[in-house]
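> Just upload_16.cif, nothing more (mmCIF, C-alpha atoms):
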data_run
loop_
_atom_site.label_atom_id
_atom_site.label_comp_id
_atom_site.auth_asym_id
_atom_site.auth_seq_id
_atom_site.Cartn_x
_atom_site.Cartn_y
_atom_site.Cartn_z
CA MET A 1 0.00 0.00 0.00
CA THR A 2 1.04 3.63 -0.59
CA ALA A 3 1.05 6.32 2.06
CA LEU A 4 -1.68 8.87 1.36
CA LEU A 5 -1.57 10.95 4.53
CA GLU A 6 1.59 11.57 6.55
CA ILE A 7 1.57 13.53 9.80
CA VAL A 8 4.96 14.25 11.30
CA GLY A 9 5.66 15.85 14.70
CA LEU A 10 2.33 17.68 14.87
CA SER A 11 1.72 19.73 18.03
CA LYS A 12 -1.08 22.16 18.88
CA GLN A 13 -1.79 24.48 21.81
CA PHE A 14 -4.79 26.48 22.92
CA GLY A 15 -4.04 29.31 25.33
CA GLY A 16 -0.78 27.73 26.42
CA GLN A 17 -2.38 24.32 26.98
CA VAL A 18 -0.93 21.57 24.81
CA VAL A 19 -3.73 19.54 23.16
CA LEU A 20 -1.62 17.62 20.59
CA ARG A 21 1.87 16.36 21.42
CA ASP A 22 4.25 15.33 18.61
CA ILE A 23 1.71 13.31 16.63
CA ASP A 24 3.14 10.95 14.00
CA LEU A 25 0.67 9.04 11.84
CA VAL A 26 0.60 7.46 8.38
CA VAL A 27 -2.64 6.59 6.57
CA GLU A 28 -2.44 4.34 3.53
CA GLN A 29 -4.41 4.60 0.29
CA GLY A 30 -7.91 3.16 0.73
CA GLU A 31 -7.53 2.70 4.50
CA PHE A 32 -10.32 3.31 7.03
CA ILE A 33 -8.79 4.84 10.17
CA ALA A 34 -10.70 5.56 13.39
CA LEU A 35 -9.40 8.17 15.81
CA LEU A 36 -10.73 6.92 19.13
CA GLY A 37 -10.53 8.36 22.61
CA PRO A 38 -12.39 10.11 25.42
CA SER A 39 -13.66 13.68 25.17
CA GLY A 40 -10.78 16.15 25.25
CA CYS A 41 -8.12 13.69 24.09
CA GLY A 42 -7.33 15.72 20.93
CA LYS A 43 -8.92 13.61 18.20
CA THR A 44 -11.15 16.36 16.76
CA THR A 45 -8.30 18.88 17.01
CA LEU A 46 -6.12 16.47 15.01
CA LEU A 47 -8.85 16.11 12.38
CA ARG A 48 -9.17 19.90 12.09
CA CYS A 49 -5.41 20.27 11.68
CA ILE A 50 -5.48 17.70 8.86
CA ALA A 51 -8.37 19.59 7.23
CA GLY A 52 -6.60 22.95 7.57
CA PHE A 53 -9.19 24.54 9.86
CA LEU A 54 -6.53 24.82 12.59
CA ALA A 55 -2.86 25.66 12.25
CA ALA A 56 -0.44 23.58 14.32
CA GLU A 57 2.51 25.10 16.16
CA THR A 58 4.92 22.43 14.95
CA GLY A 59 4.95 19.54 12.47
CA ARG A 60 3.70 19.01 8.98
CA VAL A 61 0.85 17.39 7.06
CA CYS A 62 1.45 15.74 3.69
CA ILE A 63 -1.23 14.33 1.37
CA ALA A 64 -0.20 12.17 -1.60
CA GLY A 65 3.39 13.36 -1.21
CA GLU A 66 2.49 17.07 -1.17
CA ASP A 67 3.17 19.19 1.91
CA VAL A 68 -0.18 20.90 2.60
CA THR A 69 0.71 22.23 6.06
CA ASP A 70 0.33 25.86 5.03
CA LEU A 71 -2.50 25.42 2.52
CA PRO A 72 -6.05 26.59 3.35
CA PRO A 73 -8.82 23.95 3.55
CA TYR A 74 -10.19 24.60 0.06
CA ARG A 75 -6.80 23.85 -1.52
CA ARG A 76 -6.36 20.47 0.19
CA PRO A 77 -7.44 17.33 -1.73
CA LEU A 78 -9.89 16.25 0.96
CA ASN A 79 -13.39 16.83 2.22
CA THR A 80 -15.01 16.80 5.65
CA VAL A 81 -18.32 15.47 6.96
CA PHE A 82 -19.32 17.32 10.11
CA GLN A 83 -21.27 16.16 13.13
CA ASN A 84 -24.26 18.38 12.27
CA TYR A 85 -24.11 17.61 8.50
CA ALA A 86 -24.04 21.39 7.66
CA LEU A 87 -26.46 21.13 4.73
CA PHE A 88 -27.65 24.38 3.15
CA PRO A 89 -31.29 24.66 4.33
CA HIS A 90 -32.36 26.84 1.38
CA MET A 91 -31.08 24.39 -1.27
CA SER A 92 -32.60 21.14 -2.47
CA VAL A 93 -30.78 17.86 -1.86
CA ALA A 94 -29.50 17.82 -5.46
CA ASP A 95 -28.31 21.43 -5.26
CA ASN A 96 -26.54 20.75 -1.97
CA VAL A 97 -24.54 17.95 -3.59
CA ALA A 98 -23.98 19.88 -6.85
CA TYR A 99 -22.58 22.85 -4.95
CA GLY A 100 -19.04 21.40 -4.86
CA PRO A 101 -18.76 20.70 -8.59
CA ARG A 102 -20.24 24.13 -9.38
CA ARG A 103 -17.62 25.78 -7.17
CA ARG A 104 -14.95 23.92 -9.14
CA GLY A 105 -16.25 25.28 -12.44
CA ALA A 106 -18.55 22.53 -13.68
CA GLY A 107 -21.55 23.61 -15.75
CA ARG A 108 -25.07 23.22 -14.39
CA ALA A 109 -25.79 20.04 -16.38
CA GLU A 110 -22.47 18.40 -15.52
CA ALA A 111 -22.75 19.31 -11.84
CA GLY A 112 -26.32 17.99 -11.78
CA GLN A 113 -25.25 14.65 -13.23
CA LEU A 114 -22.32 14.36 -10.80
CA ALA A 115 -24.71 15.11 -7.94
CA MET A 116 -27.16 12.42 -9.05
CA ASP A 117 -24.33 9.89 -9.39
CA ALA A 118 -23.16 10.69 -5.85
CA LEU A 119 -26.71 10.47 -4.48
CA ALA A 120 -27.13 7.10 -6.18
CA LEU A 121 -24.04 5.88 -4.31
CA VAL A 122 -25.77 6.55 -0.99
CA GLY A 123 -29.23 5.38 -2.05
CA MET A 124 -30.76 8.87 -2.28
CA ALA A 125 -31.16 9.33 -6.03
CA ASP A 126 -34.96 9.61 -5.78
CA MET A 127 -34.88 12.42 -3.20
CA GLY A 128 -32.90 15.03 -5.11
CA GLN A 129 -35.75 17.56 -5.16
CA ARG A 130 -36.50 17.43 -1.44
CA MET A 131 -35.32 20.07 1.01
CA PRO A 132 -33.07 19.08 3.96
CA ARG A 133 -35.89 19.78 6.44
CA GLN A 134 -37.95 17.08 4.74
CA LEU A 135 -35.36 14.38 5.49
CA SER A 136 -34.77 12.18 8.51
CA GLY A 137 -31.45 12.31 10.35
CA GLY A 138 -30.19 9.23 8.55
CA GLN A 139 -31.16 10.66 5.17
CA GLN A 140 -29.42 13.96 5.92
CA GLN A 141 -26.33 12.03 6.87
CA ARG A 142 -26.36 10.27 3.49
CA VAL A 143 -26.72 13.59 1.66
CA ALA A 144 -23.77 14.99 3.60
CA LEU A 145 -21.72 11.97 2.53
CA ALA A 146 -22.77 12.39 -1.10
CA ARG A 147 -21.77 16.05 -1.00
CA ALA A 148 -18.42 15.10 0.53
CA VAL A 149 -17.54 12.48 -2.10
CA VAL A 150 -18.97 14.11 -5.24
CA ASN A 151 -15.63 15.77 -6.09
CA LYS A 152 -13.78 12.48 -5.54
CA PRO A 153 -11.39 13.69 -2.82
CA LYS A 154 -8.27 11.68 -2.05
CA LEU A 155 -9.14 11.74 1.64
CA LEU A 156 -12.44 12.00 3.53
CA LEU A 157 -12.51 13.24 7.13
CA LEU A 158 -15.54 12.44 9.30
CA ASP A 159 -16.13 14.14 12.66
CA GLU A 160 -18.53 11.89 14.63
CA PRO A 161 -21.10 11.99 11.81
CA LEU A 162 -23.30 9.27 13.35
CA SER A 163 -23.65 10.71 16.85
CA ALA A 164 -27.09 12.25 16.19
CA LEU A 165 -28.62 8.95 15.03
CA ASP A 166 -30.55 6.54 17.23
CA LEU A 167 -28.81 3.27 18.14
CA LYS A 168 -30.54 1.00 15.60
CA LEU A 169 -30.06 3.42 12.70
CA ARG A 170 -26.51 4.13 13.78
CA LYS A 171 -25.57 0.45 13.56
CA ARG A 172 -27.12 0.15 10.10
CA VAL A 173 -25.35 3.25 8.82
CA GLN A 174 -22.03 1.97 10.21
CA ILE A 175 -22.26 -0.96 7.82
CA GLU A 176 -23.37 1.25 4.92
CA LEU A 177 -20.53 3.70 5.55
CA LYS A 178 -17.92 0.95 5.50
CA GLN A 179 -19.41 -0.45 2.28
CA LEU A 180 -19.33 3.02 0.71
CA GLN A 181 -15.69 3.47 1.67
CA GLU A 182 -14.75 0.13 0.12
CA LYS A 183 -16.71 0.97 -3.04
CA LEU A 184 -15.03 4.37 -3.43
CA GLY A 185 -11.56 3.08 -2.53
CA ILE A 186 -10.56 6.34 -0.83
CA ALA A 187 -9.11 6.77 2.65
CA PHE A 188 -11.44 7.68 5.52
CA VAL A 189 -10.30 9.20 8.82
CA PHE A 190 -13.18 8.87 11.25
CA VAL A 191 -13.39 10.53 14.68
CA THR A 192 -15.41 8.75 17.37
CA HIS A 193 -15.50 8.23 21.12
CA ASP A 194 -17.51 5.02 20.65
CA GLN A 195 -15.17 2.02 20.80
CA GLU A 196 -17.71 -0.39 19.31
CA GLU A 197 -18.13 1.95 16.34
CA ALA A 198 -14.38 2.12 15.80
CA LEU A 199 -13.88 -1.64 16.10
CA THR A 200 -16.81 -2.31 13.75
CA MET A 201 -15.70 -0.12 10.87
CA ALA A 202 -11.99 0.68 10.98
CA ASP A 203 -9.09 -1.17 9.38
CA ARG A 204 -6.90 0.43 12.04
CA VAL A 205 -7.80 2.12 15.30
CA VAL A 206 -5.73 5.01 16.67
CA VAL A 207 -6.32 5.31 20.42
CA MET A 208 -5.62 8.82 21.74
CA ASN A 209 -5.22 10.10 25.29
CA ALA A 210 -4.21 13.54 26.57
CA GLY A 211 -3.05 14.69 23.13
CA ARG A 212 -0.93 11.64 22.39
CA ILE A 213 -1.35 8.44 20.40
CA GLU A 214 -1.31 5.64 22.96
CA GLN A 215 -1.54 2.81 20.44
CA ALA A 216 -2.43 2.26 16.79
CA GLY A 217 -3.28 -1.04 15.12
CA ARG A 218 -6.01 -3.44 14.16
CA GLY A 219 -8.88 -3.37 16.60
CA GLN A 220 -8.51 -7.04 17.50
CA ASP A 221 -4.78 -6.60 18.20
CA ILE A 222 -5.35 -3.58 20.41
CA TYR A 223 -8.02 -5.46 22.34
CA ARG A 224 -5.93 -8.60 22.79
CA SER A 225 -2.57 -6.89 23.36
CA PRO A 226 -3.04 -3.36 24.74
CA SER A 227 0.24 -1.51 25.08
CA THR A 228 -0.75 0.57 28.12
CA ARG A 229 -3.10 0.34 31.07
CA PHE A 230 -5.13 3.22 29.61
CA VAL A 231 -5.74 1.31 26.37
CA ALA A 232 -6.66 -1.88 28.24
CA ASP A 233 -9.15 0.06 30.36
CA PHE A 234 -10.60 2.14 27.51
CA ILE A 235 -11.03 -0.66 24.96
CA GLY A 236 -13.57 -3.14 26.28
CA GLU A 237 -13.65 -4.25 29.90
CA ALA A 238 -10.72 -5.55 31.89
CA ASN A 239 -9.71 -6.94 35.26
CA PHE A 240 -6.41 -5.51 36.49
CA LEU A 241 -4.47 -7.95 38.66
CA ARG A 242 -1.47 -7.41 40.91
CA THR A 243 1.87 -9.08 40.16
CA THR A 244 5.21 -9.26 41.95
CA ALA A 245 8.72 -9.84 40.67
CA ALA A 246 9.65 -13.52 40.52
CA GLY A 247 13.17 -13.24 39.02
CA GLY A 248 14.47 -14.55 35.73
CA GLY A 249 12.32 -12.22 33.64
CA ARG A 250 9.12 -13.51 35.21
CA VAL A 251 6.42 -12.16 37.50
CA ALA A 252 4.07 -13.92 39.90
CA LEU A 253 0.36 -13.33 39.59
CA ALA A 254 -1.04 -12.78 43.08
CA LEU A 255 -4.39 -14.22 42.04
CA GLY A 256 -3.82 -17.95 41.62
CA ALA A 257 -0.10 -17.80 42.47
CA VAL A 258 1.07 -18.56 38.95
CA GLU A 259 4.25 -17.27 37.30
CA LEU A 260 4.15 -15.49 33.94
CA PRO A 261 6.94 -14.56 31.50
CA ALA A 262 7.51 -10.79 31.45
CA PRO A 263 9.69 -9.94 28.44
CA GLY A 264 11.44 -6.63 28.88
CA TYR A 265 10.81 -6.39 32.61
CA ALA A 266 14.12 -5.72 34.36
CA GLY A 267 13.05 -4.74 37.85
CA GLY A 268 11.35 -1.78 39.44
CA ALA A 269 7.56 -1.50 39.56
CA ALA A 270 6.04 -4.82 38.57
CA PRO A 271 3.72 -4.83 35.56
CA VAL A 272 -0.05 -5.07 35.89
CA ALA A 273 -1.84 -8.14 34.56
CA VAL A 274 -4.87 -7.64 32.30
CA LEU A 275 -7.54 -10.36 32.17
CA ARG A 276 -10.62 -9.88 30.01
CA PRO A 277 -13.97 -10.92 31.57
CA GLU A 278 -14.85 -13.35 28.77
CA HIS A 279 -11.70 -15.37 29.48
CA ILE A 280 -12.93 -16.38 32.92
CA ALA A 281 -14.99 -19.55 33.39
CA ILE A 282 -17.04 -20.46 36.44
CA ARG A 283 -16.98 -23.95 37.94
CA SER A 284 -18.74 -25.55 40.87
CA GLN A 285 -15.46 -27.12 42.02
CA ALA A 286 -11.75 -27.28 41.17
CA LEU A 287 -10.78 -29.65 38.35
CA ALA A 288 -6.96 -29.39 38.42
CA ASP A 289 -6.84 -29.42 34.61
CA GLY A 290 -3.95 -27.00 34.16
CA ARG A 291 -5.99 -23.81 34.25
CA VAL A 292 -5.50 -21.22 36.99
CA GLU A 293 -8.23 -21.82 39.58
CA VAL A 294 -9.34 -19.24 42.15
CA PRO A 295 -11.85 -19.76 44.99
CA ALA A 296 -14.51 -17.04 44.89
CA LYS A 297 -17.96 -16.04 46.05
CA VAL A 298 -20.68 -14.62 43.84
CA GLN A 299 -21.21 -10.94 44.59
CA SER A 300 -23.76 -10.10 41.87
CA VAL A 301 -25.33 -11.57 38.73
CA THR A 302 -26.68 -9.42 35.88
CA HIS A 303 -28.43 -10.90 32.83
CA VAL A 304 -27.77 -8.80 29.72
CA GLY A 305 -29.41 -10.28 26.64
CA SER A 306 -27.20 -13.05 25.29
CA HIS A 307 -24.73 -13.08 28.18
CA VAL A 308 -24.44 -12.92 31.96
CA LEU A 309 -22.22 -10.50 33.88
CA VAL A 310 -20.94 -11.89 37.18
CA ALA A 311 -18.97 -10.08 39.87
CA LEU A 312 -16.91 -12.37 42.10
CA ASP A 313 -15.28 -11.69 45.46
CA THR A 314 -11.75 -13.12 45.64
CA ALA A 315 -8.77 -12.78 47.97
CA GLU A 316 -7.41 -10.15 45.55
CA GLY A 317 -10.60 -8.14 45.23
CA VAL A 318 -13.52 -8.20 42.81
CA LEU A 319 -13.19 -10.18 39.58
CA HIS A 320 -15.62 -9.47 36.74
CA CYS A 321 -16.51 -12.18 34.25
CA ARG A 322 -18.81 -12.42 31.25
CA ILE A 323 -20.48 -15.72 30.38
CA GLY A 324 -22.15 -16.31 27.04
CA GLY A 325 -25.48 -18.14 27.04
CA THR A 326 -26.51 -19.91 30.22
CA ALA A 327 -24.26 -20.08 33.28
CA PRO A 328 -22.85 -23.61 33.83
CA VAL A 329 -23.62 -23.49 37.56
CA ASP A 330 -26.45 -22.08 39.63
CA LEU A 331 -25.33 -18.53 40.33
CA VAL A 332 -26.84 -16.96 43.41
CA ARG A 333 -25.41 -14.20 45.56
CA GLY A 334 -23.06 -15.58 48.19
CA ALA A 335 -22.54 -18.93 46.47
CA SER A 336 -19.03 -20.39 46.65
CA ILE A 337 -17.61 -21.25 43.22
CA VAL A 338 -14.26 -21.60 41.43
CA ALA A 339 -13.18 -19.04 38.80
CA SER A 340 -10.75 -20.43 36.24
CA PHE A 341 -8.72 -18.98 33.38
CA ASP A 342 -5.85 -19.88 31.12
CA ALA A 343 -2.57 -18.17 32.03
CA ALA A 344 -1.99 -17.58 28.29
CA ASP A 345 -4.98 -15.20 28.30
CA VAL A 346 -3.28 -12.87 30.80
CA HIS A 347 -1.58 -9.84 29.22
CA LEU A 348 0.96 -7.64 31.02
CA VAL A 349 1.18 -3.85 30.81
CA ALA A 350 3.36 -1.36 32.67
CA GLY A 351 2.13 -0.65 36.19
#
Go through the file and emit its structure as structure tokens.

Amino acid sequence: MTALLEIVGLSKQFGGQVVLRDIDLVVEQGEFIALLGPSGCGKTTLLRCIAGFLAAETGRVCIAGEDVTDLPPYRRPLNTVFQNYALFPHMSVADNVAYGPRRRGAGRAEAGQLAMDALALVGMADMGQRMPRQLSGGQQQRVALARAVVNKPKLLLLDEPLSALDLKLRKRVQIELKQLQEKLGIAFVFVTHDQEEALTMADRVVVMNAGRIEQAGRGQDIYRSPSTRFVADFIGEANFLRTTAAGGGRVALALGAVELPAPGYAGGAAPVAVLRPEHIAIRSQALADGRVEVPAKVQSVTHVGSHVLVALDTAEGVLHCRIGGTAPVDLVRGASIVASFDAADVHLVAG
């Protein structure tokens, strides 16, 4: 793949407060990237610096090999879909989409045809004569996408464009948006604070925190092998377990008294062990089958659709587990059980 977007050493301040710190990021041609993180982490600021709406104090932005750091937004080969769609209320759907081609010098007939082609891509070809106020939120979102792609930009930036949609529609549009991106073959950079949304759509997820990139990679890799405690806590749910140094590049897990290899650990503060709730099984008694087994008592049981959330009291504190389907034992508050897990499912991060 070929690098389309290159961000090097980008930093941004507001009133002396640093909101982006030495950001380095490469986006390949045709890649779908999600910028994910809590409110205030810098993801929207980064998007606006890429778009040219904000000027960074340091660093540069290159698109398709061209340094666009000092170019205004209208001279960058990209387009942006905003959270509120920003449709012109006095223009029809077709005129909203044709506005871009007209600004670039296309005649009325050519711009109209380009607009209808773009509307067809998003399933809105039969609504060209309607006004934005006559459309639902999902339909307005599709028009905003058509307007953004009609000029065939090299890069499309999306600033939480699905946040105004209800949950059911949002999930449907997530699928449609990914299909549209694959059909167009252009790179998308998508800002969201919703981890499920990022994991559903993105080829790579960029997790941000306090103006920095904490980790970037495939969603499944970030979930399975978080590089920091923040990432482990932010992506999905996690149990954090205490360890102590055991010598020989190993640490001992306090829960279950098992030793784990700790590559790169050379003393000092012991790493923290991360154990995902779905990796914990519940048994009525110990089986001594090679898994780590921990005596526990049921603290609470919550049925959530297709799975059961169980909180367990252990000698090392509360352990949360998630069981798919029906629990294998009768779970009642106060019941004594055995929690088991495979040591290979434990991941270590810096403490």
> Would you list the residues near (-3.9, -0.3, 7.9) (no more than 7 Å away, in the coordinates of the file, using all atoms listed in the file) as a ChimeraX atom specification?
/A:28,31,203-204
> Which residues are close to Leu35 in chain A, i.e. within 6 Å by only C-alpha atoms, leaving aside same-chain residues fewer than 5 positions away? Reply as a count of residues only.
4
> Applying 7 Å and all atoms listed in the file, which residues near Val301 in chain A remain after dropping the ones on its own chain fewer than 2 positions away? List them as JSON, numbers by chain.
{"A": [303, 308, 309, 310, 311]}
> May I have the protein, DNA and RNA residues with any atom at most 12 Å from the point (-14.9, 3.2, -2.5), counting all atoms listed in the file, written as a PyMOL selection string?
chain A and resi 29-32+118+121-122+149-150+152-156+176-188
> Given the file above and the PyMOL selection byres ((chain A and resi 270) around 9), which residues are selected, and can you give them as JSON, numbers by chain?
{"A": [242, 243, 244, 245, 251, 265, 267, 268, 269, 271, 272, 350, 351]}
> Pull out every residue that the PyMOL selection byres ((chain A and resi 233) around 12) matches in the shown coordinates and put them as a list in words.
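Selected by the PyMOL selection byres ((chain A and resi 233) around 12) in this file: Gly37, Pro38, Gln195, Val207, Asn209, Ile222, Tyr223, Arg224, Ser225, Pro226, Ser227, Thr228, Arg229, Phe230, Val231, Ala232, Phe234, Ile235, Gly236, Glu237, Ala238, Asn239, Phe240, Val272, Ala273, Val274, Leu275, Arg276 and Val349 of chain A.
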> Filtering to C-alpha atoms, could you give me those residues as a short mmCIF file (atom, residue, chain, number, x, y, z; two decimals), in the coordinates of the input?

data_model
loop_
_atom_site.label_atom_id
_atom_site.label_comp_id
_atom_site.auth_asym_id
_atom_site.auth_seq_id
_atom_site.Cartn_x
_atom_site.Cartn_y
_atom_site.Cartn_z
CA GLY A 37 -10.53 8.36 22.61
CA PRO A 38 -12.39 10.11 25.42
CA GLN A 195 -15.17 2.02 20.80
CA VAL A 207 -6.32 5.31 20.42
CA ASN A 209 -5.22 10.10 25.29
CA ILE A 222 -5.35 -3.58 20.41
CA TYR A 223 -8.02 -5.46 22.34
CA ARG A 224 -5.93 -8.60 22.79
CA SER A 225 -2.57 -6.89 23.36
CA PRO A 226 -3.04 -3.36 24.74
CA SER A 227 0.24 -1.51 25.08
CA THR A 228 -0.75 0.57 28.12
CA ARG A 229 -3.10 0.34 31.07
CA PHE A 230 -5.13 3.22 29.61
CA VAL A 231 -5.74 1.31 26.37
CA ALA A 232 -6.66 -1.88 28.24
CA PHE A 234 -10.60 2.14 27.51
CA ILE A 235 -11.03 -0.66 24.96
CA GLY A 236 -13.57 -3.14 26.28
CA GLU A 237 -13.65 -4.25 29.90
CA ALA A 238 -10.72 -5.55 31.89
CA ASN A 239 -9.71 -6.94 35.26
CA PHE A 240 -6.41 -5.51 36.49
CA VAL A 272 -0.05 -5.07 35.89
CA ALA A 273 -1.84 -8.14 34.56
CA VAL A 274 -4.87 -7.64 32.30
CA LEU A 275 -7.54 -10.36 32.17
CA ARG A 276 -10.62 -9.88 30.01
CA VAL A 349 1.18 -3.85 30.81
#
> Leaving out Asp24 in chain A and any residue of its chain fewer than 6 positions from it, which residues lie within 10 Å of it when counting all atoms listed in the file, given as a count of residues only?
11
> Taking into account all atoms listed in the file, which residue in the set A:Ala115, A:Val294, A:Ala86, A:Leu20 is nearest to Ala55 in chain A?
A:Leu20
> CA of Ser92 in chain A to CA of Val173 in chain A: how many Å, to one decimal?
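A separation of 22.4 Å between them.
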> Nearest to Leu54 in chain A: which of A:Ala335, A:Leu71, A:Ala288, A:Ala266 is it, counting all atoms listed in the file?
A:Leu71
> Which one of A:Ala34, A:Leu319, A:Ala3, A:Ala164 sits closest to Thr192 in chain A if you count only C-alpha atoms?
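The answer is A:Ala34, which sits nearest to Thr192 in chain A.
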> Write out as a ChimeraX atom specification the residues lying within 6 Å of range 144-148 of chain A, counting all atoms listed in the file and excluding same-chain residues fewer than 5 positions away.
/A:79,85,97,118-119
> Tell me, in Å to one decimal, how far CA of Glu316 in chain A is from CA of Leu255 in chain A.
6.2 Å
